[in-house]
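Coordinates from upload_33.cif are shown below (mmCIF, C-alpha atoms).
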data_run
loop_
_atom_site.label_atom_id
_atom_site.label_comp_id
_atom_site.auth_asym_id
_atom_site.auth_seq_id
_atom_site.Cartn_x
_atom_site.Cartn_y
_atom_site.Cartn_z
CA MET A 1 -125.67 58.02 3.55
CA SER A 2 -127.59 59.25 0.56
CA ALA A 3 -131.08 60.62 0.14
CA VAL A 4 -133.54 58.76 -2.05
CA ALA A 5 -137.00 59.74 -3.20
CA MET A 6 -139.40 57.65 -5.24
CA THR A 7 -143.05 56.81 -5.56
CA VAL A 8 -144.11 53.55 -3.93
CA ASN A 9 -147.66 52.32 -4.46
CA GLY A 10 -148.72 55.77 -5.57
CA LYS A 11 -147.29 57.63 -2.56
CA PRO A 12 -144.13 59.73 -2.60
CA VAL A 13 -141.56 58.35 -0.17
CA THR A 14 -138.10 59.44 0.88
CA GLY A 15 -135.29 57.91 2.85
CA ASP A 16 -131.71 58.41 3.89
CA VAL A 17 -129.91 55.19 3.13
CA ASP A 18 -126.46 53.63 2.94
CA PRO A 19 -125.57 53.25 -0.76
CA ARG A 20 -125.51 49.47 -0.23
CA THR A 21 -129.23 49.43 0.55
CA LEU A 22 -131.04 47.22 -1.92
CA LEU A 23 -134.50 48.19 -3.14
CA VAL A 24 -135.95 45.20 -1.29
CA GLN A 25 -134.34 46.34 1.98
CA PHE A 26 -135.62 49.87 1.48
CA VAL A 27 -139.13 48.61 0.85
CA ARG A 28 -139.16 46.13 3.73
CA GLU A 29 -137.08 47.86 6.39
CA ASN A 30 -137.55 51.58 5.73
CA LEU A 31 -141.11 51.52 4.44
CA ARG A 32 -142.18 48.47 6.46
CA LEU A 33 -143.83 46.95 3.39
CA THR A 34 -142.95 43.37 4.21
CA GLY A 35 -145.08 41.72 1.55
CA THR A 36 -142.08 41.65 -0.77
CA HIS A 37 -139.93 38.72 0.30
CA VAL A 38 -136.25 37.86 0.16
CA GLY A 39 -135.86 34.24 -0.85
CA CYS A 40 -132.44 33.55 -2.30
CA ASP A 41 -130.85 37.03 -2.36
CA THR A 42 -129.05 35.88 -5.54
CA SER A 43 -131.44 37.05 -8.31
CA GLN A 44 -132.75 33.54 -8.93
CA CYS A 45 -135.91 32.84 -6.95
CA GLY A 46 -138.15 35.81 -7.77
CA ALA A 47 -139.73 36.17 -4.29
CA CYS A 48 -138.62 39.83 -4.34
CA VAL A 49 -140.18 40.80 -7.70
CA VAL A 50 -141.70 44.29 -7.74
CA HIS A 51 -142.59 46.59 -10.62
CA VAL A 52 -140.26 49.51 -11.33
CA ASN A 53 -141.69 51.92 -13.89
CA GLY A 54 -144.14 49.23 -14.93
CA LYS A 55 -141.63 46.41 -15.35
CA ALA A 56 -140.95 43.38 -13.19
CA VAL A 57 -137.52 43.49 -11.58
CA LYS A 58 -135.81 41.54 -8.84
CA SER A 59 -135.60 44.07 -6.02
CA CYS A 60 -132.72 42.17 -4.39
CA THR A 61 -130.52 43.08 -7.35
CA VAL A 62 -131.20 46.80 -7.60
CA PHE A 63 -129.89 49.47 -5.25
CA ALA A 64 -132.52 51.76 -3.76
CA TRP A 65 -130.73 54.82 -5.18
CA GLN A 66 -131.01 53.39 -8.70
CA CYS A 67 -134.78 53.85 -8.29
CA GLU A 68 -134.52 57.57 -7.57
CA GLY A 69 -137.61 59.17 -9.10
CA ALA A 70 -139.02 55.80 -10.14
CA ASP A 71 -142.58 54.55 -9.82
CA VAL A 72 -142.45 51.36 -7.74
CA VAL A 73 -145.37 49.01 -7.13
CA THR A 74 -145.20 46.22 -4.55
CA ILE A 75 -147.75 43.53 -3.72
CA GLU A 76 -149.30 45.95 -1.20
CA GLY A 77 -150.09 48.36 -4.04
CA LEU A 78 -152.35 46.03 -6.00
CA ALA A 79 -155.53 46.44 -3.96
CA GLU A 80 -157.04 48.88 -1.48
CA ALA A 81 -157.10 47.85 2.18
CA ASN A 82 -160.43 46.12 2.89
CA GLY A 83 -161.38 46.46 -0.78
CA PRO A 84 -161.64 43.72 -3.37
CA LEU A 85 -158.43 41.89 -4.28
CA HIS A 86 -156.65 42.48 -7.60
CA PRO A 87 -158.00 39.94 -10.15
CA MET A 88 -154.65 38.10 -10.12
CA GLN A 89 -154.68 37.86 -6.33
CA GLU A 90 -158.26 36.65 -6.44
CA ALA A 91 -157.31 34.00 -9.02
CA PHE A 92 -154.50 32.72 -6.78
CA ARG A 93 -157.01 32.40 -3.93
CA GLU A 94 -159.67 30.80 -6.10
CA HIS A 95 -157.29 28.24 -7.68
CA HIS A 96 -155.29 27.54 -4.55
CA GLY A 97 -152.18 28.94 -6.23
CA LEU A 98 -150.16 28.89 -3.03
CA GLN A 99 -149.12 26.53 -0.31
CA CYS A 100 -146.74 28.13 2.19
CA GLY A 101 -147.20 31.49 0.42
CA TYR A 102 -143.61 32.64 0.56
CA CYS A 103 -143.14 32.91 -3.21
CA THR A 104 -146.66 34.26 -3.79
CA PRO A 105 -146.02 38.04 -3.78
CA GLY A 106 -143.26 37.60 -6.36
CA MET A 107 -145.35 35.14 -8.35
CA ILE A 108 -148.26 37.58 -8.51
CA MET A 109 -146.08 40.57 -9.47
CA ALA A 110 -144.37 38.44 -12.14
CA ALA A 111 -147.76 37.16 -13.34
CA ILE A 112 -149.12 40.67 -13.85
CA ASP A 113 -145.96 41.56 -15.73
CA ILE A 114 -146.50 38.54 -18.01
CA VAL A 115 -150.04 39.75 -18.74
CA ASN A 116 -148.73 43.27 -19.45
CA ARG A 117 -146.27 41.88 -21.99
CA LYS A 118 -148.10 38.88 -23.42
CA GLY A 119 -151.78 39.71 -23.14
CA ASN A 120 -154.74 38.08 -21.44
CA GLU A 121 -154.86 34.73 -23.24
CA LEU A 122 -151.91 32.74 -21.93
CA ASP A 123 -151.35 29.07 -22.66
CA GLU A 124 -149.70 26.75 -20.17
CA HIS A 125 -146.42 26.57 -22.06
CA THR A 126 -146.08 30.36 -22.16
CA ILE A 127 -146.81 30.71 -18.45
CA ARG A 128 -144.36 28.01 -17.42
CA HIS A 129 -141.66 29.46 -19.64
CA GLU A 130 -142.24 33.00 -18.38
CA LEU A 131 -142.03 31.78 -14.77
CA GLU A 132 -138.41 30.66 -15.23
CA GLY A 133 -137.27 33.29 -12.77
CA ASN A 134 -139.78 32.46 -10.02
CA ILE A 135 -139.25 29.43 -7.82
CA CYS A 136 -141.89 27.81 -5.62
CA ARG A 137 -140.13 25.53 -3.17
CA CYS A 138 -143.41 23.81 -2.30
CA THR A 139 -143.39 22.93 -6.02
CA GLY A 140 -146.98 24.11 -6.28
CA TYR A 141 -146.56 25.13 -9.90
CA HIS A 142 -149.60 23.33 -11.26
CA ASN A 143 -152.10 25.53 -9.47
CA ILE A 144 -149.94 28.63 -9.89
CA VAL A 145 -150.09 28.13 -13.66
CA LYS A 146 -153.85 27.61 -13.51
CA ALA A 147 -154.26 30.72 -11.35
CA ILE A 148 -152.21 32.87 -13.72
CA ALA A 149 -154.21 31.74 -16.77
CA ALA A 150 -157.46 32.57 -14.96
CA GLY A 151 -156.13 35.81 -13.48
CA ALA A 152 -154.93 36.94 -16.90
CA ARG A 153 -158.40 36.44 -18.36
CA ALA A 154 -160.01 38.17 -15.36
CA MET A 155 -157.73 41.19 -15.85
CA ALA A 156 -159.30 41.74 -19.29
CA LYS A 157 -162.72 42.35 -17.75
CA MET B 1 -121.10 43.82 0.64
CA TYR B 2 -118.27 46.29 1.20
CA ALA B 3 -119.22 49.95 1.51
CA PHE B 4 -118.98 52.11 -1.60
CA LYS B 5 -119.88 55.51 -2.95
CA PHE B 6 -121.66 56.15 -6.21
CA LEU B 7 -121.80 58.87 -8.83
CA ARG B 8 -124.23 59.34 -11.70
CA PRO B 9 -122.54 61.24 -14.53
CA GLU B 10 -124.61 62.62 -17.40
CA THR B 11 -122.11 62.23 -20.23
CA VAL B 12 -119.74 59.48 -21.35
CA ARG B 13 -116.88 61.96 -21.05
CA GLN B 14 -117.70 62.63 -17.38
CA ALA B 15 -117.91 58.90 -16.74
CA ALA B 16 -114.55 58.30 -18.40
CA ASN B 17 -112.97 61.14 -16.39
CA LEU B 18 -114.24 59.55 -13.20
CA LEU B 19 -112.61 56.26 -14.19
CA VAL B 20 -109.33 58.09 -14.81
CA LYS B 21 -109.51 59.80 -11.43
CA HIS B 22 -110.60 56.69 -9.51
CA GLU B 23 -108.67 53.67 -10.70
CA GLU B 24 -110.63 51.23 -8.56
CA ALA B 25 -114.04 52.47 -9.70
CA LYS B 26 -116.42 50.17 -11.55
CA LEU B 27 -119.07 51.03 -14.12
CA LEU B 28 -122.62 50.06 -13.24
CA ALA B 29 -124.88 49.21 -16.19
CA GLY B 30 -127.71 46.76 -15.45
CA GLY B 31 -125.89 45.50 -12.38
CA HIS B 32 -127.10 41.93 -12.70
CA THR B 33 -123.60 40.51 -12.53
CA LEU B 34 -121.87 43.26 -10.58
CA ILE B 35 -124.35 43.50 -7.69
CA PRO B 36 -124.39 39.73 -6.99
CA THR B 37 -120.58 39.75 -7.23
CA MET B 38 -120.40 42.62 -4.73
CA LYS B 39 -122.75 40.76 -2.38
CA LEU B 40 -120.33 37.85 -2.40
CA ARG B 41 -117.46 40.27 -1.75
CA LEU B 42 -115.77 38.99 -4.88
CA ALA B 43 -115.79 42.62 -5.98
CA GLY B 44 -115.48 45.60 -3.66
CA PRO B 45 -115.23 48.74 -5.75
CA PRO B 46 -115.01 51.85 -3.57
CA LEU B 47 -116.90 53.81 -6.24
CA LEU B 48 -119.67 52.87 -8.67
CA VAL B 49 -120.08 55.03 -11.76
CA ASP B 50 -123.69 54.54 -12.81
CA LEU B 51 -124.29 54.84 -16.56
CA SER B 52 -128.09 55.06 -16.43
CA LYS B 53 -128.30 58.87 -16.42
CA ILE B 54 -126.27 59.27 -19.62
CA GLU B 55 -128.51 60.15 -22.54
CA GLY B 56 -128.04 58.44 -25.88
CA LEU B 57 -126.49 55.21 -24.58
CA SER B 58 -129.67 53.25 -25.18
CA GLY B 59 -131.62 52.55 -28.36
CA ILE B 60 -131.83 50.43 -31.49
CA GLU B 61 -131.63 51.56 -35.13
CA MET B 62 -130.57 50.43 -38.60
CA LYS B 63 -127.75 52.51 -40.07
CA GLY B 64 -127.13 51.42 -43.64
CA ARG B 65 -126.51 47.68 -43.48
CA SER B 66 -125.74 47.69 -39.76
CA LEU B 67 -127.97 47.15 -36.79
CA VAL B 68 -126.76 49.54 -34.09
CA ILE B 69 -127.61 48.85 -30.45
CA GLY B 70 -126.75 51.27 -27.65
CA ALA B 71 -124.67 49.84 -24.80
CA MET B 72 -127.35 50.44 -22.14
CA THR B 73 -130.12 48.78 -24.16
CA ARG B 74 -131.80 46.13 -21.99
CA HIS B 75 -132.07 42.51 -23.10
CA ASN B 76 -135.86 42.72 -23.20
CA GLU B 77 -135.72 45.70 -25.57
CA VAL B 78 -133.51 43.76 -27.99
CA ALA B 79 -135.68 40.65 -27.68
CA THR B 80 -138.89 42.50 -28.51
CA SER B 81 -137.62 45.15 -30.94
CA PRO B 82 -139.37 45.02 -34.34
CA VAL B 83 -136.17 46.40 -35.92
CA VAL B 84 -134.04 43.57 -34.52
CA LYS B 85 -136.68 40.95 -35.32
CA GLU B 86 -136.86 42.12 -38.90
CA ASN B 87 -133.14 42.49 -39.58
CA ILE B 88 -131.37 39.91 -37.39
CA PRO B 89 -134.08 37.71 -35.85
CA ALA B 90 -131.46 35.36 -34.38
CA LEU B 91 -130.17 38.22 -32.23
CA ALA B 92 -133.65 39.00 -30.88
CA ALA B 93 -134.12 35.31 -30.11
CA LEU B 94 -130.78 35.17 -28.29
CA ALA B 95 -131.62 38.19 -26.14
CA GLY B 96 -134.95 36.58 -25.25
CA GLN B 97 -133.13 33.56 -23.82
CA ILE B 98 -130.91 35.42 -21.38
CA GLY B 99 -131.75 34.82 -17.72
CA ASP B 100 -135.44 35.29 -17.00
CA PRO B 101 -137.96 38.08 -17.73
CA ALA B 102 -137.07 40.21 -14.68
CA VAL B 103 -133.34 39.88 -15.39
CA ARG B 104 -133.95 40.89 -19.02
CA HIS B 105 -135.61 44.10 -17.82
CA MET B 106 -132.32 45.18 -16.21
CA GLY B 107 -129.40 43.49 -17.96
CA THR B 108 -127.70 45.39 -20.80
CA ILE B 109 -125.81 44.38 -23.93
CA GLY B 110 -122.84 46.59 -23.08
CA GLY B 111 -122.59 45.18 -19.57
CA SER B 112 -122.72 41.62 -20.83
CA ILE B 113 -120.01 42.18 -23.42
CA ALA B 114 -117.72 44.18 -21.12
CA ASN B 115 -117.98 41.45 -18.48
CA ASN B 116 -117.27 38.67 -21.04
CA ASP B 117 -118.51 35.86 -18.83
CA PRO B 118 -117.39 32.62 -20.51
CA ASN B 119 -120.99 31.34 -20.35
CA ALA B 120 -122.76 34.53 -21.49
CA ASP B 121 -124.82 34.64 -24.68
CA TYR B 122 -123.97 38.03 -26.22
CA PRO B 123 -120.26 37.31 -26.79
CA ALA B 124 -121.35 34.45 -29.08
CA ALA B 125 -123.58 36.84 -31.04
CA CYS B 126 -120.82 39.43 -31.38
CA LEU B 127 -118.25 36.90 -32.57
CA GLY B 128 -120.79 34.92 -34.58
CA LEU B 129 -122.02 37.98 -36.47
CA GLY B 130 -118.68 39.77 -36.80
CA ALA B 131 -119.88 42.75 -34.75
CA THR B 132 -117.95 45.94 -34.12
CA ILE B 133 -117.80 47.20 -30.55
CA VAL B 134 -117.77 50.99 -30.43
CA THR B 135 -116.24 52.72 -27.40
CA ASN B 136 -115.60 56.32 -26.38
CA LYS B 137 -112.13 55.90 -27.91
CA ARG B 138 -112.28 53.58 -30.93
CA ARG B 139 -113.95 50.76 -32.82
CA ILE B 140 -112.94 47.21 -31.96
CA LYS B 141 -113.73 44.15 -34.10
CA ALA B 142 -115.32 41.35 -32.10
CA ASP B 143 -112.46 39.11 -33.28
CA ASP B 144 -110.05 41.37 -31.37
CA PHE B 145 -112.29 42.18 -28.41
CA PHE B 146 -112.76 38.98 -26.39
CA LYS B 147 -109.49 38.07 -24.72
CA GLY B 148 -110.29 35.19 -22.39
CA LEU B 149 -112.17 34.62 -19.14
CA PHE B 150 -113.74 37.95 -18.14
CA GLU B 151 -110.99 39.67 -20.15
CA THR B 152 -111.54 42.08 -23.04
CA ALA B 153 -109.53 44.51 -25.13
CA LEU B 154 -111.06 47.40 -23.16
CA GLU B 155 -108.48 49.71 -21.65
CA PRO B 156 -108.83 51.59 -18.38
CA ALA B 157 -111.40 54.41 -18.76
CA GLU B 158 -112.68 52.94 -22.02
CA ILE B 159 -116.48 52.69 -22.15
CA ILE B 160 -118.58 50.75 -24.65
CA THR B 161 -121.14 53.09 -26.21
CA LYS B 162 -122.73 50.86 -28.84
CA VAL B 163 -122.44 47.62 -30.75
CA MET B 164 -122.81 47.40 -34.53
CA PHE B 165 -124.01 44.14 -36.07
CA PRO B 166 -123.78 43.68 -39.86
CA LYS B 167 -126.96 42.36 -41.44
CA VAL B 168 -126.41 38.75 -42.48
CA ASN B 169 -128.16 36.39 -44.92
CA LYS B 170 -128.69 33.62 -42.41
CA ALA B 171 -128.12 33.21 -38.71
CA ALA B 172 -129.23 31.18 -35.73
CA TYR B 173 -128.24 30.63 -32.11
CA VAL B 174 -128.89 27.40 -30.26
CA LYS B 175 -127.99 27.00 -26.64
CA PHE B 176 -128.08 24.30 -24.04
CA PRO B 177 -128.99 26.30 -20.95
CA ASN B 178 -127.80 25.34 -17.53
CA PRO B 179 -131.18 24.45 -16.01
CA ALA B 180 -130.54 26.46 -12.84
CA SER B 181 -128.81 29.63 -14.01
CA ARG B 182 -129.98 29.77 -17.67
CA TYR B 183 -126.44 30.64 -18.64
CA ALA B 184 -125.23 28.69 -21.66
CA LEU B 185 -123.60 25.41 -20.71
CA VAL B 186 -122.79 25.57 -24.40
CA GLY B 187 -124.22 27.94 -27.02
CA VAL B 188 -123.42 28.08 -30.73
CA PHE B 189 -124.07 31.06 -32.99
CA VAL B 190 -123.76 30.52 -36.76
CA SER B 191 -124.10 33.08 -39.53
CA LYS B 192 -123.63 33.45 -43.26
CA ARG B 193 -122.98 36.83 -44.88
CA GLY B 194 -122.07 36.38 -48.54
CA SER B 195 -119.06 34.09 -48.47
CA GLU B 196 -118.25 34.86 -44.84
CA ILE B 197 -119.24 32.03 -42.51
CA ARG B 198 -118.96 32.29 -38.75
CA VAL B 199 -119.39 29.66 -36.05
CA ALA B 200 -118.94 31.08 -32.56
CA VAL B 201 -119.15 29.06 -29.36
CA THR B 202 -119.82 30.27 -25.82
CA GLY B 203 -119.87 28.24 -22.60
CA ALA B 204 -117.57 25.48 -23.82
CA GLY B 205 -114.12 27.00 -24.14
CA GLY B 206 -111.75 27.01 -21.21
CA ASN B 207 -110.70 30.48 -22.31
CA GLY B 208 -114.05 31.99 -23.24
CA VAL B 209 -115.88 32.49 -26.54
CA PHE B 210 -114.15 31.14 -29.67
CA ARG B 211 -114.67 30.41 -33.37
CA VAL B 212 -114.57 26.92 -34.86
CA THR B 213 -112.62 27.36 -38.09
CA SER B 214 -112.90 23.70 -39.11
CA PHE B 215 -116.70 23.97 -39.04
CA GLU B 216 -116.57 27.30 -40.90
CA GLU B 217 -114.43 25.75 -43.67
CA ALA B 218 -116.85 22.84 -44.02
CA LEU B 219 -119.81 25.22 -44.22
CA LYS B 220 -118.12 27.31 -46.91
CA LYS B 221 -118.58 24.42 -49.36
CA ARG B 222 -122.25 24.25 -48.59
CA PHE B 223 -124.10 26.04 -45.78
CA GLY B 224 -126.16 23.10 -44.53
CA ALA B 225 -126.28 20.90 -41.44
CA LYS B 226 -125.08 17.93 -43.52
CA SER B 227 -121.75 19.66 -44.13
CA LEU B 228 -121.00 19.24 -40.41
CA GLU B 229 -121.86 15.55 -40.22
CA GLY B 230 -119.09 13.55 -38.62
CA LEU B 231 -117.18 16.69 -37.62
CA SER B 232 -116.22 17.28 -34.01
CA ILE B 233 -113.79 19.35 -32.00
CA PRO B 234 -111.24 18.01 -29.53
CA ALA B 235 -112.03 18.12 -25.80
CA ASP B 236 -108.60 19.62 -25.27
CA GLY B 237 -109.03 23.24 -24.23
CA MET B 238 -112.69 22.90 -23.26
CA GLY B 239 -113.84 23.97 -19.81
CA SER B 240 -114.83 21.35 -17.28
CA ASP B 241 -116.91 21.68 -14.12
CA ILE B 242 -119.70 19.97 -12.16
CA HIS B 243 -122.16 20.89 -14.92
CA GLY B 244 -120.30 19.16 -17.74
CA SER B 245 -116.96 17.59 -18.57
CA ALA B 246 -114.69 18.86 -21.35
CA GLU B 247 -115.64 15.82 -23.48
CA TYR B 248 -119.34 16.51 -23.00
CA ARG B 249 -118.95 20.18 -23.89
CA ALA B 250 -116.93 19.32 -27.02
CA HIS B 251 -119.67 16.89 -28.03
CA LEU B 252 -122.36 19.54 -27.48
CA VAL B 253 -120.50 21.99 -29.74
CA GLY B 254 -120.94 19.59 -32.67
CA VAL B 255 -124.56 18.81 -31.88
CA LEU B 256 -125.59 22.42 -31.32
CA ALA B 257 -123.68 23.66 -34.37
CA ARG B 258 -125.62 21.23 -36.58
CA ARG B 259 -128.89 22.31 -34.96
CA ALA B 260 -128.01 25.98 -35.40
CA VAL B 261 -127.21 25.55 -39.08
CA ALA B 262 -130.41 23.58 -39.54
CA ALA B 263 -132.36 26.40 -37.85
CA ALA B 264 -130.60 29.05 -39.92
CA THR B 265 -131.44 27.25 -43.17
CA ALA B 266 -134.97 26.19 -42.23
#
Could you write out this structure as structure tokens?
Amino acid sequence: MSAVAMTVNGKPVTGDVDPRTLLVQFVRENLRLTGTHVGCDTSQCGACVVHVNGKAVKSCTVFAWQCEGADVVTIEGLAEANGPLHPMQEAFREHHGLQCGYCTPGMIMAAIDIVNRKGNELDEHTIRHELEGNICRCTGYHNIVKAIAAGARAMAK
Amino acid sequence: MYAFKFLRPETVRQAANLLVKHEEAKLLAGGHTLIPTMKLRLAGPPLLVDLSKIEGLSGIEMKGRSLVIGAMTRHNEVATSPVVKENIPALAALAGQIGDPAVRHMGTIGGSIANNDPNADYPAACLGLGATIVTNKRRIKADDFFKGLFETALEPAEIITKVMFPKVNKAAYVKFPNPASRYALVGVFVSKRGSEIRVAVTGAGGNGVFRVTSFEEALKKRFGAKSLEGLSIPADGMGSDIHGSAEYRAHLVGVLARRAVAAATA
């Protein structure tokens, strides 16, 4: 077992984990933050995307101990409980950017990362291209793309 | 995944010593090939030697006429670097086509080259630009580095520290990505540096990345897409799998080479 310490959603957290523990397992099973999903477990689907030191990563392909000292943000860290949603979350609700909802946490974390890298005015082609690593098995991409364009603009306000 | 231990050395020397002491140990760079491989139990190293705590292994700079990229530099850093975009824009474009955005935040150039996946993009850039791979022990020309499927000239306890790319006059990389994995079904990197012409192909060869000397000879007369018209390579020696037959891959090499030259001369 090995000790890990990091910041998750602004709070310092620690754990004693088997070295095999993936970041997504640490977040879901140790911290009980089950908003981050495991879809494919093979780095392809993007349901497990979280931000590590401000960058989108697939938490199924990073060991928890690699994030020692890191600043991790999960879907739970975007908005206060009972407060207003993050503008990107609100845009997904407004534009019906989800069907079953399984891919949604990863989609939203990836979407915010796109805005951080590409700015607030995103055309459809850019969004679709940037979503290469996020799969929606309901194939609800049309509204996801619309939601991300709107959410990106809302984040500028 | 099989159980393992990990260590996080702070110098390349410490890392190399660990590899000497533990023969079965594996280096961990970005982990985006190694971790999935460990999950499948195709690899079961008892010890991972993590390179992320070693200072100076990451970064991008021009040194004379060479673009120098540290081994732990992430794909996204290469793709967005103003230095790379200004000096070898084809290399920035190649890095921006690897995997997807989240993968590019973790994957490293050194990891990609050391792994030498036959469908990876960076080996084509190294061979196609005539790069020099610098290790803790020596400098290795790209022409001598890639030795076949997942095989390189790296010796036990040898660690890539940086890659040096000579600045070229013209270069372009065109790939036909596998629609699921984004690996290159076939990718062709072409470059012109003075009279030196290189055409390097990834994804197609049954034995990994290779140069197409017949195309290079044709391009020496005139570096234009027309010089390659009617030229093809034999299907013999090409890889073949559910994604594409050897004949199809050989055909793509010709098509993508012409497109790459056209892009390089546009």
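Around the coordinate (-142.4, 26.4, -1.6), residues that reach within 8 Å when counting all atoms listed in the file are Gln99, Cys100, Gly101, Tyr102, Cys103, Ile135, Cys136, Arg137, Cys138, Thr139 and Gly140 of chain A.
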Pairwise distance for atom CA of His96 of chain A and atom CA of Ala147 of chain A, rounded to one decimal in Å: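 Interatomic distance here is 7.6 Å.
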Proximity to chain A - best of B:Ser245, B:Ser181, B:Thr213, B:Thr135, all atoms listed in the file: B:Ser181
At most 10 Å to chain A: residues in chain B, all atoms listed in the file, as a PyMOL selection string: chain B and resi 1-6+8+30-40+48+50+52-53+80+99-106+179-182
Atom CA of Ile60 of chain B to atom CA of Asn116 of chain B, straight-line distance in Å: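 Separating atom CA of Asn116 of chain B from atom CA of Ile60 of chain B is a distance of 21.4 Å.
Interatomic distance, atom CA of His37 of chain A to atom CA of Gly44 of chain B: 25.7 Å.
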Distance criterion (only C-alpha atoms): nearest to Asn136 of chain B out of B:Lys175, B:Arg13, B:Arg259, B:Lys220: B:Arg13
Of the listed residues B:Ala225, B:Met164, B:Leu127, B:Ala153, that which approaches Phe210 of chain B most closely, counting all atoms listed in the file: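 Closest to Phe210 of chain B, using all atoms listed in the file: B:Leu127.
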Could you tell me which residues the PyMOL selection byres ((chain B and resi 133) around 12) grabs in this file, written as a PDB file with C-alpha atoms, in the frame of the given file?
ATOM      1  CA  LEU B  67    -127.970  47.150 -36.790  1.00  0.00           C
ATOM      2  CA  VAL B  68    -126.760  49.540 -34.090  1.00  0.00           C
ATOM      3  CA  ILE B  69    -127.610  48.850 -30.450  1.00  0.00           C
ATOM      4  CA  GLY B  70    -126.750  51.270 -27.650  1.00  0.00           C
ATOM      5  CA  ALA B  71    -124.670  49.840 -24.800  1.00  0.00           C
ATOM      6  CA  ILE B 109    -125.810  44.380 -23.930  1.00  0.00           C
ATOM      7  CA  GLY B 110    -122.840  46.590 -23.080  1.00  0.00           C
ATOM      8  CA  ILE B 113    -120.010  42.180 -23.420  1.00  0.00           C
ATOM      9  CA  ALA B 114    -117.720  44.180 -21.120  1.00  0.00           C
ATOM     10  CA  TYR B 122    -123.970  38.030 -26.220  1.00  0.00           C
ATOM     11  CA  PRO B 123    -120.260  37.310 -26.790  1.00  0.00           C
ATOM     12  CA  ALA B 125    -123.580  36.840 -31.040  1.00  0.00           C
ATOM     13  CA  CYS B 126    -120.820  39.430 -31.380  1.00  0.00           C
ATOM     14  CA  LEU B 127    -118.250  36.900 -32.570  1.00  0.00           C
ATOM     15  CA  LEU B 129    -122.020  37.980 -36.470  1.00  0.00           C
ATOM     16  CA  GLY B 130    -118.680  39.770 -36.800  1.00  0.00           C
ATOM     17  CA  ALA B 131    -119.880  42.750 -34.750  1.00  0.00           C
ATOM     18  CA  THR B 132    -117.950  45.940 -34.120  1.00  0.00           C
ATOM     19  CA  VAL B 134    -117.770  50.990 -30.430  1.00  0.00           C
ATOM     20  CA  THR B 135    -116.240  52.720 -27.400  1.00  0.00           C
ATOM     21  CA  ASN B 136    -115.600  56.320 -26.380  1.00  0.00           C
ATOM     22  CA  LYS B 137    -112.130  55.900 -27.910  1.00  0.00           C
ATOM     23  CA  ARG B 138    -112.280  53.580 -30.930  1.00  0.00           C
ATOM     24  CA  ARG B 139    -113.950  50.760 -32.820  1.00  0.00           C
ATOM     25  CA  ILE B 140    -112.940  47.210 -31.960  1.00  0.00           C
ATOM     26  CA  LYS B 141    -113.730  44.150 -34.100  1.00  0.00           C
ATOM     27  CA  ALA B 142    -115.320  41.350 -32.100  1.00  0.00           C
ATOM     28  CA  ASP B 143    -112.460  39.110 -33.280  1.00  0.00           C
ATOM     29  CA  ASP B 144    -110.050  41.370 -31.370  1.00  0.00           C
ATOM     30  CA  PHE B 145    -112.290  42.180 -28.410  1.00  0.00           C
ATOM     31  CA  PHE B 146    -112.760  38.980 -26.390  1.00  0.00           C
ATOM     32  CA  THR B 152    -111.540  42.080 -23.040  1.00  0.00           C
ATOM     33  CA  ALA B 153    -109.530  44.510 -25.130  1.00  0.00           C
ATOM     34  CA  LEU B 154    -111.060  47.400 -23.160  1.00  0.00           C
ATOM     35  CA  GLU B 158    -112.680  52.940 -22.020  1.00  0.00           C
ATOM     36  CA  ILE B 159    -116.480  52.690 -22.150  1.00  0.00           C
ATOM     37  CA  ILE B 160    -118.580  50.750 -24.650  1.00  0.00           C
ATOM     38  CA  THR B 161    -121.140  53.090 -26.210  1.00  0.00           C
ATOM     39  CA  LYS B 162    -122.730  50.860 -28.840  1.00  0.00           C
ATOM     40  CA  VAL B 163    -122.440  47.620 -30.750  1.00  0.00           C
ATOM     41  CA  MET B 164    -122.810  47.400 -34.530  1.00  0.00           C
ATOM     42  CA  PHE B 165    -124.010  44.140 -36.070  1.00  0.00           C
ATOM     43  CA  PRO B 166    -123.780  43.680 -39.860  1.00  0.00           C
TER      44      PRO B 166
END
The PyMOL selection byres ((chain B and resi 246) around 12) resolved against shown file, as a ChimeraX atom specification: /B:185-186,203-206,233-245,247-253
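Selection result for the displayed file, with the PyMOL selection byres ((chain A and resi 142-145) around 9) as criterion, is Phe92, His95, His96, Gly97, Leu98, Thr104, Met107, Glu124, Ile127, Arg128, Leu131, Thr139, Gly140, Tyr141, Lys146, Ala147, Ile148, Ala149 and Ala150 of chain A.
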Residue contacts of segment 5-14 of chain A (9 Å, all atoms listed in the file) excluding same-chain residues fewer than 2 positions away, as a PyMOL selection string: chain A and resi 3+16+27+31+65+67-78
Contacts of Phe223 of chain B within 12 Å, only C-alpha atoms, excl. fewer than 3 positions in-chain, as an MDAnalysis selection string: chainID B and resid 169:171 190:199 215:220 226:228 257:258 260:266
Nearest to Glu121 of chain A, chosen from A:Met109, A:Gly83, A:Cys40, A:Ala152, with only C-alpha atoms counted in the distances: A:Ala152
Best match for closeness to Arg65 of chain B among B:Pro89, B:Val209, B:Thr202, B:Val168, counting all atoms listed in the file: B:Val168
Point (-153.4, 38.8, -5.9) neighbourhood (9 Å, only C-alpha atoms) written as a PyMOL selection string: chain A and resi 75+78-79+85-93+104-105+108-109+151
